[in-house]
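Below: one structure, written as structure tokens.
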Amino acid sequence: VYSDPDNPWIQEIDLDGRVQWQWGYVDGEAGGDDFTYSQDEFRRMRLGGGVKFLQWFEAKGHARWFDDDHARGGNSRGPEFLNMWDLYLKFNAKKAFGIEGVDALKIGYGSREVNSAEEWNTSSKKIKTVERSAIANKIWPFDTRFSNPTGVWVEGAKGNFDAQLGVFSTTQADSLASWNDGQLYYAKLEYDFSEGSGFDLAEAFIAGFYQDVDITDDRLGGGVEGTGSAAVRLGKDRWAVRLNAILGENGDQTNAAREGSFWGFVVIPTYWLIEDKLEAVASYQYQGAEEEQGIRINSRYVRRASADRGVAIPNGGRGDEHHSIYGGLNLYLCSDNVKLMAGVQYDEITSDGSDVFDGWTTYLAFRTFF
């Protein structure tokens with residue numbers, strides 16, 4: 001809404017937001033019983049913005065503005081401030097100190113996403129499937145209010161490389177958290193090798209975190225102790241493919257069956273049927289675990305059936321082997337600012353050879369942002 005790079009006080013002010021609605025229908029079997037379940041919800045509603053000021057600083061913040069808990073058996077469904085999704089300040093050290101050896105160097109403090117999975121390195125405004133894969137969600141270090149941790153980090157760039165290093169508090173808060181519990185250590189390295197590769201898009205990255213916190217204190221991401229993730233993105237003309245391999249450790253849990261190592265991979269190919277208008281998307285995810293309850297199916301919408309309809313899903317949807325296949329279409333109505341999505345997904349998750357859930361989920365979604 002304002003931009004003047006020569007103004008010594010305020011260089012830029014921007015506002016942005018997103019509204020996302022979706023519907024899911026499950027037809028499956030759990031615990032030996034067949035069931036169906038459907039639910040619609042306002043998936044996300046966020047509003048925020050940022051300001052660049054004093055030539056060296058940038059502040060950003062986004063709030064979650066809609067409470068829709070009827071899918072979890074509640075009665076709330078309307079505009080209401082929930083918490084801050086992110087709230088941080090960045091300092092441009094390269095510009096302030098005239099550092100010549102790097103292309104970018106910034107220091108940040110505040111709450112923000114910590115992204116290890118490839119799908120979490122893609123904004124919810126841009127993701128190709130209605131929901132991210134279960135293993136990608138497993139290694140997102142969220143707090144119990146589904147917001148992001150507070151920390152300090154450094155991000156830099158040199159040539160085709162971008163890197164981040166950070167330390168984050170595991171203490172839970174609706175905006176900025178204190179440092180009363182443990183720490184999460186995070187690193188990410190990205191490399192763009194598209195030049196000379198023959199691809200229009202050719203990127204690779206590795207990322208991971210380790211959470212140093214006692215089981216009795218606040219922990220992030222369901223308590224996952226640590227994870228490593230490696231991904232490649234390739235694209236040429238109308239097609240693209242994203243591949244992500246993940247390895248992690250659950251660490252200490254209150255239930256020993258949920259401890260041990262876990263692993264998996266995700267493959268997401270896409271193809272423009274009508275360029276920039278109609279996109280075909282597919283996805284395959286596999287995840288496995290050392291212990292019989294070391295992984296879990298997504299909450300939407302299979303586990304929601306358990307909470308809302310009393311469907312008895314064994315182990316709360318946990319198991320040690322999970323296959324998921326998705327196919328869908330994305331229709332872009334106004335560039336990518338308005339998008340309609342439709343998809344069908346099949347999930348099969350087992351625990352020690354016994355079925356936990358298998359069935360189909362049908363999705364419809366509306367996504368818009370400014």
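Labels used: A, B, ... for chains in the order of the structure tokens, numbers from 1 for residues in each chain, and numbers from 1 for ligands as shown.
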*DSSP on the backbone: what in range 10-158 of chain A comes out helix (DSSP H, G or I), as a list in words?*
His70, Ala71, Arg72, Ala93, Lys94, Lys95, Ala96, Phe97, Glu119, Trp120, Asn121, Ala134, Ile135, Ala136, Asn137 and Lys138 of chain A
Those residues you just picked out, can you put them in a file as a compact mmCIF listing (two decimals), in the first residue's frame with N, CA, C and O atoms?
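Output file selection.txt is given in full below:
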# COMPACT_ATOMS: atom_id res chain seq x y z
N HIS A 70 -16.28 -26.42 14.76
CA HIS A 70 -17.42 -27.33 14.72
C HIS A 70 -17.03 -28.70 14.18
O HIS A 70 -17.65 -29.71 14.50
N ALA A 71 -15.95 -28.74 13.38
CA ALA A 71 -15.48 -30.03 12.88
C ALA A 71 -14.86 -30.88 13.99
O ALA A 71 -14.67 -32.08 13.83
N ARG A 72 -14.55 -30.25 15.13
CA ARG A 72 -14.02 -30.98 16.28
C ARG A 72 -15.07 -31.11 17.38
O ARG A 72 -14.74 -31.37 18.54
N ALA A 93 21.82 -7.08 7.97
CA ALA A 93 23.21 -6.86 8.38
C ALA A 93 24.11 -6.52 7.20
O ALA A 93 25.05 -5.73 7.32
N LYS A 94 23.86 -7.12 6.04
CA LYS A 94 24.69 -6.82 4.86
C LYS A 94 24.60 -5.35 4.49
O LYS A 94 25.62 -4.68 4.25
N LYS A 95 23.37 -4.83 4.45
CA LYS A 95 23.18 -3.43 4.08
C LYS A 95 23.70 -2.49 5.16
O LYS A 95 24.33 -1.46 4.85
N ALA A 96 23.47 -2.84 6.43
CA ALA A 96 23.87 -1.95 7.52
C ALA A 96 25.39 -1.83 7.63
O ALA A 96 25.92 -0.74 7.89
N PHE A 97 26.10 -2.95 7.45
CA PHE A 97 27.54 -2.95 7.65
C PHE A 97 28.34 -2.98 6.36
O PHE A 97 29.57 -3.06 6.39
N GLU A 119 6.97 -29.79 1.39
CA GLU A 119 5.63 -29.23 1.29
C GLU A 119 5.46 -28.03 2.22
O GLU A 119 4.68 -27.12 1.92
N TRP A 120 6.17 -28.00 3.35
CA TRP A 120 6.09 -26.86 4.25
C TRP A 120 6.98 -25.71 3.79
O TRP A 120 6.85 -24.60 4.29
N ASN A 121 7.87 -25.96 2.84
CA ASN A 121 8.62 -24.88 2.22
C ASN A 121 7.80 -24.22 1.11
O ASN A 121 8.27 -23.29 0.47
N ALA A 134 0.91 -36.59 5.49
CA ALA A 134 0.97 -36.83 6.93
C ALA A 134 2.40 -36.73 7.45
O ALA A 134 2.64 -36.21 8.55
N ILE A 135 3.37 -37.22 6.69
CA ILE A 135 4.75 -37.18 7.19
C ILE A 135 5.30 -35.75 7.14
O ILE A 135 6.11 -35.37 7.99
N ALA A 136 4.85 -34.95 6.17
CA ALA A 136 5.26 -33.54 6.16
C ALA A 136 4.71 -32.82 7.39
O ALA A 136 5.41 -32.02 8.02
N ASN A 137 3.47 -33.09 7.74
CA ASN A 137 2.89 -32.47 8.93
C ASN A 137 3.54 -32.97 10.21
O ASN A 137 3.63 -32.23 11.19
N LYS A 138 4.00 -34.20 10.20
CA LYS A 138 4.63 -34.76 11.39
C LYS A 138 5.90 -34.01 11.76
O LYS A 138 6.24 -33.86 12.96
Considering only C-alpha atoms, give me a table of residues in range 217-336 of chain A that are at most 8 Å from range 8-28 of chain A, with the closest atom pair and distance in Å for each, as JSON lines.
{"residue": "A:Arg300", "atom": "CA", "partner": "A:Gly24", "partner_atom": "CA", "distance": 7.8}
{"residue": "A:Tyr301", "atom": "CA", "partner": "A:Gly24", "partner_atom": "CA", "distance": 6.4}
{"residue": "A:Val302", "atom": "CA", "partner": "A:Val26", "partner_atom": "CA", "distance": 6.6}
Let me see the file: selected residues, all heavy atoms, as a PDB file, in the first residue's frame.
ATOM      1  N   ARG A 300      -7.418 -34.507   9.300  1.00  0.00           N
ATOM      2  CA  ARG A 300      -8.482 -34.255   8.339  1.00  0.00           C
ATOM      3  C   ARG A 300      -8.508 -35.357   7.295  1.00  0.00           C
ATOM      4  O   ARG A 300      -7.527 -35.559   6.596  1.00  0.00           O
ATOM      5  CB  ARG A 300      -8.265 -32.901   7.638  1.00  0.00           C
ATOM      6  CG  ARG A 300      -8.472 -31.716   8.564  1.00  0.00           C
ATOM      7  CD  ARG A 300      -8.122 -30.430   7.853  1.00  0.00           C
ATOM      8  NE  ARG A 300      -8.428 -29.298   8.673  1.00  0.00           N
ATOM      9  CZ  ARG A 300      -7.590 -28.807   9.599  1.00  0.00           C
ATOM     10  NH1 ARG A 300      -6.406 -29.369   9.787  1.00  0.00           N
ATOM     11  NH2 ARG A 300      -7.952 -27.769  10.330  1.00  0.00           N
ATOM     12  N   TYR A 301      -9.619 -36.101   7.095  1.00  0.00           N
ATOM     13  CA  TYR A 301     -10.828 -35.973   7.910  1.00  0.00           C
ATOM     14  C   TYR A 301     -11.134 -37.271   8.641  1.00  0.00           C
ATOM     15  O   TYR A 301     -12.159 -37.417   9.295  1.00  0.00           O
ATOM     16  CB  TYR A 301     -12.009 -35.599   7.006  1.00  0.00           C
ATOM     17  CG  TYR A 301     -11.925 -34.164   6.538  1.00  0.00           C
ATOM     18  CD1 TYR A 301     -11.265 -33.838   5.352  1.00  0.00           C
ATOM     19  CD2 TYR A 301     -12.478 -33.128   7.293  1.00  0.00           C
ATOM     20  CE1 TYR A 301     -11.176 -32.527   4.941  1.00  0.00           C
ATOM     21  CE2 TYR A 301     -12.397 -31.817   6.875  1.00  0.00           C
ATOM     22  CZ  TYR A 301     -11.746 -31.533   5.709  1.00  0.00           C
ATOM     23  OH  TYR A 301     -11.645 -30.231   5.300  1.00  0.00           O
ATOM     24  N   VAL A 302     -10.212 -38.196   8.543  1.00  0.00           N
ATOM     25  CA  VAL A 302     -10.426 -39.518   9.131  1.00  0.00           C
ATOM     26  C   VAL A 302     -10.492 -39.433  10.647  1.00  0.00           C
ATOM     27  O   VAL A 302     -11.442 -39.918  11.282  1.00  0.00           O
ATOM     28  CB  VAL A 302      -9.308 -40.484   8.679  1.00  0.00           C
ATOM     29  CG1 VAL A 302      -9.480 -41.831   9.357  1.00  0.00           C
ATOM     30  CG2 VAL A 302      -9.311 -40.638   7.161  1.00  0.00           C
TER      31      VAL A 302
END
*Residues near Gly226 in chain A, cut-off 6 Å, only C-alpha atoms, skip fewer than 4 positions along chain, as a ChimeraX atom specification*: /A:209-211,248-249
*Exercise: Ala173 in chain A partners within 10 Å, only C-alpha atoms, chain neighbours under 2 positions left out, as a list in words*: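 The filter keeps Asn83, Met84, Ser111, Asp143, Thr144, Arg145, Ser147, Asn148, Pro149, Thr150, Thr170, Thr171, Ser175, Leu176, Ala177 and Ser178 of chain A.
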Taking C-alpha atoms for each residue, export the selection above as a compact mmCIF listing (two decimals), in the first residue's frame.
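File written: again37.txt
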# COMPACT_ATOMS: atom_id res chain seq x y z
CA ASN A 83 -3.38 -16.14 17.87
CA MET A 84 -0.47 -14.80 15.90
CA SER A 111 7.81 -16.32 15.86
CA ASP A 143 2.83 -25.63 19.24
CA THR A 144 -0.41 -26.83 20.84
CA ARG A 145 -2.29 -23.81 19.45
CA SER A 147 1.09 -21.49 15.73
CA ASN A 148 4.83 -21.19 15.28
CA PRO A 149 7.75 -21.07 17.71
CA THR A 150 9.75 -18.03 18.79
CA THR A 170 9.85 -24.82 22.71
CA THR A 171 7.72 -22.76 25.13
CA SER A 175 2.40 -14.63 20.01
CA LEU A 176 6.00 -14.27 21.26
CA ALA A 177 7.11 -17.04 23.63
CA SER A 178 9.53 -16.95 26.53
*How many Å lie between CA of Phe265 in chain A and CA of Arg43 in chain A, rounded to one decimal?*
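About the pair CA of Phe265 in chain A and CA of Arg43 in chain A: they are 25.2 Å apart.
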*DSSP says strand (DSSP E) for which residues of range 99-251 of chain A? Put them as JSON, numbers by chain?*
{"A": [104, 105, 106, 107, 108, 109, 110, 111, 150, 151, 152, 153, 154, 155, 156, 157, 158, 161, 162, 163, 164, 165, 166, 167, 168, 169, 183, 184, 185, 186, 187, 188, 189, 190, 191, 192, 201, 202, 203, 204, 205, 206, 207, 208, 209, 210, 211, 212, 226, 227, 228, 229, 230, 231, 232, 233, 234, 235, 236, 239, 240, 241, 242, 243, 244, 245, 246, 247, 248, 249]}
_Using only C-alpha atoms: which of A:Asp217, A:Asp69, A:Glu41, A:Asp192 has the shortest distance to Asp252 in chain A_ =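 Checking each of A:Asp217, A:Asp69, A:Glu41, A:Asp192 against Asp252 in chain A, counting only C-alpha atoms, the winner is A:Asp217.
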*Test item: residues at most 6 Å from Asp67 in chain A, only C-alpha atoms, excluding those fewer than 5 positions along its chain, as a PyMOL selection string*: chain A and resi 77-78+80
Output N, CA and C atoms for every residue in the selection just made, as a tab-separated table (two decimals), in the first residue's frame.
chain	number	residue	atom	x	y	z
A	77	ARG	N	-17.99	-20.78	15.10
A	77	ARG	CA	-17.76	-20.67	13.67
A	77	ARG	C	-17.97	-19.22	13.25
A	78	GLY	N	-16.93	-18.43	13.41
A	78	GLY	CA	-17.07	-17.04	13.06
A	78	GLY	C	-15.79	-16.27	13.28
A	80	GLU	N	-12.95	-14.28	14.80
A	80	GLU	CA	-12.45	-14.15	16.16
A	80	GLU	C	-10.94	-14.26	16.13
*Which is closest to Phe142 in chain A among A:Asp212, A:Ala117, A:Ser76, A:Leu220, if we use only C-alpha atoms?*
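So, comparing all the options, the nearest one is A:Leu220.
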_Near-Asp218 in chain A list (9 Å; only C-alpha atoms; drop same-chain fewer than 3 positions) as JSON, numbers by chain_ = {"A": [143, 170, 171, 172, 180, 181, 182, 213, 214, 215, 223]}
Restricting the output to all heavy atoms, write the selected residues as a PDB file, in the first residue's frame.
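Heads up, here's the output in selection30.pdb:
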ATOM      1  N   ASP A 143       3.165 -25.525  17.829  1.00  0.00           N
ATOM      2  CA  ASP A 143       2.833 -25.634  19.242  1.00  0.00           C
ATOM      3  C   ASP A 143       1.388 -26.116  19.379  1.00  0.00           C
ATOM      4  O   ASP A 143       0.708 -26.390  18.387  1.00  0.00           O
ATOM      5  CB  ASP A 143       3.091 -24.323  19.987  1.00  0.00           C
ATOM      6  CG  ASP A 143       2.137 -23.203  19.602  1.00  0.00           C
ATOM      7  OD1 ASP A 143       1.093 -23.473  18.974  1.00  0.00           O
ATOM      8  OD2 ASP A 143       2.428 -22.041  19.927  1.00  0.00           O
ATOM      9  N   THR A 170      10.963 -23.874  22.777  1.00  0.00           N
ATOM     10  CA  THR A 170       9.850 -24.824  22.715  1.00  0.00           C
ATOM     11  C   THR A 170       8.684 -24.392  23.598  1.00  0.00           C
ATOM     12  O   THR A 170       7.663 -25.090  23.652  1.00  0.00           O
ATOM     13  CB  THR A 170      10.309 -26.227  23.135  1.00  0.00           C
ATOM     14  OG1 THR A 170      10.669 -26.222  24.520  1.00  0.00           O
ATOM     15  CG2 THR A 170      11.481 -26.695  22.293  1.00  0.00           C
ATOM     16  N   THR A 171       8.797 -23.270  24.286  1.00  0.00           N
ATOM     17  CA  THR A 171       7.715 -22.763  25.126  1.00  0.00           C
ATOM     18  C   THR A 171       6.524 -22.356  24.262  1.00  0.00           C
ATOM     19  O   THR A 171       6.687 -21.770  23.194  1.00  0.00           O
ATOM     20  CB  THR A 171       8.202 -21.562  25.962  1.00  0.00           C
ATOM     21  OG1 THR A 171       9.315 -21.966  26.747  1.00  0.00           O
ATOM     22  CG2 THR A 171       7.096 -21.043  26.865  1.00  0.00           C
ATOM     23  N   GLN A 172       5.316 -22.657  24.714  1.00  0.00           N
ATOM     24  CA  GLN A 172       4.098 -22.390  23.961  1.00  0.00           C
ATOM     25  C   GLN A 172       3.598 -20.980  24.263  1.00  0.00           C
ATOM     26  O   GLN A 172       3.618 -20.528  25.408  1.00  0.00           O
ATOM     27  CB  GLN A 172       3.012 -23.394  24.343  1.00  0.00           C
ATOM     28  CG  GLN A 172       3.499 -24.829  24.470  1.00  0.00           C
ATOM     29  CD  GLN A 172       3.661 -25.536  23.142  1.00  0.00           C
ATOM     30  OE1 GLN A 172       2.717 -25.585  22.362  1.00  0.00           O
ATOM     31  NE2 GLN A 172       4.810 -26.112  22.888  1.00  0.00           N
ATOM     32  N   ASN A 180      11.413 -20.614  28.574  1.00  0.00           N
ATOM     33  CA  ASN A 180      11.314 -21.304  29.857  1.00  0.00           C
ATOM     34  C   ASN A 180      11.505 -22.816  29.777  1.00  0.00           C
ATOM     35  O   ASN A 180      11.630 -23.474  30.808  1.00  0.00           O
ATOM     36  CB  ASN A 180       9.953 -21.025  30.497  1.00  0.00           C
ATOM     37  CG  ASN A 180       9.771 -19.561  30.844  1.00  0.00           C
ATOM     38  OD1 ASN A 180      10.741 -18.870  31.114  1.00  0.00           O
ATOM     39  ND2 ASN A 180       8.530 -19.090  30.814  1.00  0.00           N
ATOM     40  N   ASP A 181      11.501 -23.369  28.578  1.00  0.00           N
ATOM     41  CA  ASP A 181      11.585 -24.824  28.447  1.00  0.00           C
ATOM     42  C   ASP A 181      12.862 -25.215  27.708  1.00  0.00           C
ATOM     43  O   ASP A 181      13.943 -24.851  28.126  1.00  0.00           O
ATOM     44  CB  ASP A 181      10.323 -25.340  27.750  1.00  0.00           C
ATOM     45  CG  ASP A 181       9.074 -25.088  28.588  1.00  0.00           C
ATOM     46  OD1 ASP A 181       8.861 -25.829  29.551  1.00  0.00           O
ATOM     47  OD2 ASP A 181       8.318 -24.142  28.277  1.00  0.00           O
ATOM     48  N   GLY A 182      12.736 -25.907  26.591  1.00  0.00           N
ATOM     49  CA  GLY A 182      13.919 -26.340  25.862  1.00  0.00           C
ATOM     50  C   GLY A 182      14.163 -25.513  24.615  1.00  0.00           C
ATOM     51  O   GLY A 182      13.539 -24.476  24.399  1.00  0.00           O
ATOM     52  N   VAL A 213      14.858 -31.025  24.736  1.00  0.00           N
ATOM     53  CA  VAL A 213      13.868 -30.682  25.757  1.00  0.00           C
ATOM     54  C   VAL A 213      13.427 -31.955  26.472  1.00  0.00           C
ATOM     55  O   VAL A 213      13.308 -33.020  25.858  1.00  0.00           O
ATOM     56  CB  VAL A 213      12.660 -29.965  25.117  1.00  0.00           C
ATOM     57  CG1 VAL A 213      11.996 -30.820  24.061  1.00  0.00           C
ATOM     58  CG2 VAL A 213      11.655 -29.530  26.167  1.00  0.00           C
ATOM     59  N   ASP A 214      13.195 -31.841  27.751  1.00  0.00           N
ATOM     60  CA  ASP A 214      12.752 -32.967  28.562  1.00  0.00           C
ATOM     61  C   ASP A 214      11.279 -33.269  28.281  1.00  0.00           C
ATOM     62  O   ASP A 214      10.494 -32.376  27.950  1.00  0.00           O
ATOM     63  CB  ASP A 214      12.951 -32.659  30.050  1.00  0.00           C
ATOM     64  CG  ASP A 214      12.703 -33.872  30.921  1.00  0.00           C
ATOM     65  OD1 ASP A 214      13.621 -34.689  31.070  1.00  0.00           O
ATOM     66  OD2 ASP A 214      11.572 -33.997  31.420  1.00  0.00           O
ATOM     67  N   ILE A 215      10.890 -34.527  28.458  1.00  0.00           N
ATOM     68  CA  ILE A 215       9.527 -34.941  28.166  1.00  0.00           C
ATOM     69  C   ILE A 215       8.506 -34.232  29.047  1.00  0.00           C
ATOM     70  O   ILE A 215       7.337 -34.091  28.705  1.00  0.00           O
ATOM     71  CB  ILE A 215       9.394 -36.481  28.295  1.00  0.00           C
ATOM     72  CG1 ILE A 215       8.052 -36.948  27.704  1.00  0.00           C
ATOM     73  CG2 ILE A 215       9.555 -36.922  29.739  1.00  0.00           C
ATOM     74  CD1 ILE A 215       7.924 -38.436  27.624  1.00  0.00           C
ATOM     75  N   GLY A 223       6.244 -33.533  19.873  1.00  0.00           N
ATOM     76  CA  GLY A 223       7.363 -34.086  20.620  1.00  0.00           C
ATOM     77  C   GLY A 223       8.419 -34.776  19.796  1.00  0.00           C
ATOM     78  O   GLY A 223       9.321 -35.409  20.349  1.00  0.00           O
TER      79      GLY A 223
END
*asked:* To one decimal place in Å, what is the distance between CA of Phe81 in chain A and CA of Gln39 in chain A?
replied: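 Computing it gives 22.7 Å between the two atoms.
The spacing separating CA of Arg238 in chain A from CA of Ala280 in chain A amounts to 10.3 Å.
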*Near Ser261 in chain A, within 7 Å and counting only C-alpha atoms, which residues show up once chain neighbours fewer than 2 positions away are dropped, as a list in words?*
Gly248, Glu249, Asn250, Glu259, Trp263, Ala289 and Glu290 of chain A
*Between A:Tyr186, A:Tyr363, A:Trp153, A:Trp140, which has the minimum distance to Gln345 in chain A (counting only C-alpha atoms)?*
A:Tyr363
_Pick from A:Glu291, A:Glu348, A:Asp34, A:Glu190 nearest to Phe205 in chain A, counting only C-alpha atoms_ =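 Selected residue with least distance to Phe205 in chain A: A:Glu190.
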*Could you tell me which of A:Gly310, A:Gly208, A:Gly222, A:Gly343 comes closest to Leu189 in chain A if we count only C-alpha atoms?*
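Nearest candidate to Leu189 in chain A out of A:Gly310, A:Gly208, A:Gly222, A:Gly343: A:Gly208.
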_Under the rule that only C-alpha atoms are counted, which of A:Trp85, A:Tyr286, A:Tyr37, A:Tyr109 is the nearest residue to Asp174 in chain A?_
A:Trp85
